[in-house]
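Participant: My structure is below; once you've seen it, I'll send some questions.
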Amino acid sequence: MNQKIIIGFVLLLMINQTLHAQKDTLPEFDFSRFIYLDSVVITASRSGFDTDEFVDMVRADSSFYEAFRNLRFVEYDAENDFTFYNKKNEITAAYTSTTRQHIQQKGEATCRTMDILEEMVIGKYYKKNRKPRYYTTKMFERLFFAKEEICETRNSLPSEDEDDSRMARYVIQLKKLIFQPGEKVDVPIIGSKTAIFEEKMAKYYDYSINSEAHRNGMECYVFRVDVKPEFEGKKEGKTVVKSLETFFEKKTFQVIGRNYRVAYYGALFDFDVTMNVKLTKVNDQYLPEHITYDGFWKIPTRKREQSKFSIKIMDNR
């Protein structure tokens with residue numbers, strides 16, 4: 001099995017650049033009978049809130065993807081903080097920086113460049129010539145750094161890095177974990193275990209829709225999925241998505257936050273990653289505001305990579 005496929009699955013959580021896959025089918029069984037509704041949602045259902053339509057919207061939503069896509073066309077500052085650990089949970093390398101993205105219009109294309117305003121490197125974070133030592137770093141730089149000018153239009157699709165060409169046929173499916181979480185991905189061994197909306201996987205989960213106040217008192221519908229207590233064991237191998245919650249603003253049904261954990265412990269590879277993403281609205285468009293990652297992955301022939309990172313994005317206009 002190509003080791004980059006497995007690493008790509010785990011590091012997909014670092015937010016890839018495009019989304020080609022769209023959901024074509026909806027559940028063929030009565031999914032609503034699996035969902036717990038709190039009293040506010042029950043009351044709302046009497047006034048027109050439809051549980052099945054809401055779940056369909058969760059699965060088909062593209063607003064979360066669009067928020068990340070918007071980053072490629074705006075100026076912003078970012079505070080980046082990475083820490084890597086060994087098996088004893090000791091710090092082996094760290095990196096902090098403040099970066100600034102610049103935008104320039106050239107005809108129909110939007111061109112972006114990036115400056116590093118401040119930077120601190122601890123330990124062996126890079127190889128020689130600033131080549132990433134860690135695959136996590138490589139993916140981060142690919143997705144959030146513009147080392148040279150990059151030009152594209154809203155309708156253009158960025159090309160895949162040549163180094164990652166062997167992963168290309170998997171990328172479409174892997175992106176569903178962040179942009180369409182809960183859909184089946186075409187990855188050996190674990191692919192079908194991610195399809196948490198299918199009847200064969202539903203027995204492992206508790207589903208709920210609640211009404212809650214999110215940041216700044218914003219009223220939201222929150223869709224949650226959690227592994228049932230009897231299937232929470234790390235070694236049981238029946239589930240990959242361990243928890244998922246998505247916050248929808250009630251007025252617009254825009255996704256404003258998503259938290260999730262994916263984990264798998266097997267003979268060939270292990271990973272356990274938790275990620276939280278918050279969105280914010282700037283000048284009538286949504287952008288990621290804060291991204292956090294905490295976890296590890298380990299496959300044969302490569303050293304275990306355990307890290308935490310935080311990316312804070314700030315509008316600088």
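To be explicit about the labels: the chains of the structure tokens are called A, B, and onward in the order shown, and within each one the residues are counted from 1, while ligands get numbers from 1 in the order they are shown.
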List the neighbours of Leu279 of chain A out to 7 Å using only C-alpha atoms; skip same-chain residues closer than 5 positions along the sequence, and give me the result as a PyMOL selection string.
Facilitator: chain A and resi 256-257+286-289
Participant: Can you list, as a list in words, every protein, DNA or RNA residue that comes within 8 Å of segment 201-217 of chain A when you count only C-alpha atoms, leaving out same-chain residues fewer than 4 positions away?
Facilitator: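 Result of the neighbour search: Phe34, Ile35, Tyr36, Leu37, Asp38, Val40, Val41, Lys193, Ala195, Ile196, Phe197, Tyr221, Val222, Phe223, Arg224, Val225, Asp226, Val227, Lys228, Phe231, Thr239 and Phe247 of chain A.
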Participant: What is the atom CA of Tyr134 of chain A-atom CA of Tyr85 of chain A distance in Å, reported with one decimal?
Facilitator: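 For atom CA of Tyr134 of chain A relative to atom CA of Tyr85 of chain A, the distance reads 11.5 Å.
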Participant: When you count only C-alpha atoms, which of these residues is closest to Ala263 of chain A: A:Thr194, A:Asn155, A:Thr292, A:Thr137?
Facilitator: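 Nearest candidate to Ala263 of chain A out of A:Thr194, A:Asn155, A:Thr292, A:Thr137: A:Thr194.
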Participant: Which of these residues is nearest to Arg133 of chain A, using only C-alpha atoms: A:Asp115, A:Glu148, A:Asp270, A:Glu305?
Facilitator: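 Answer, going by the shortest atom-to-atom distance: A:Glu305.
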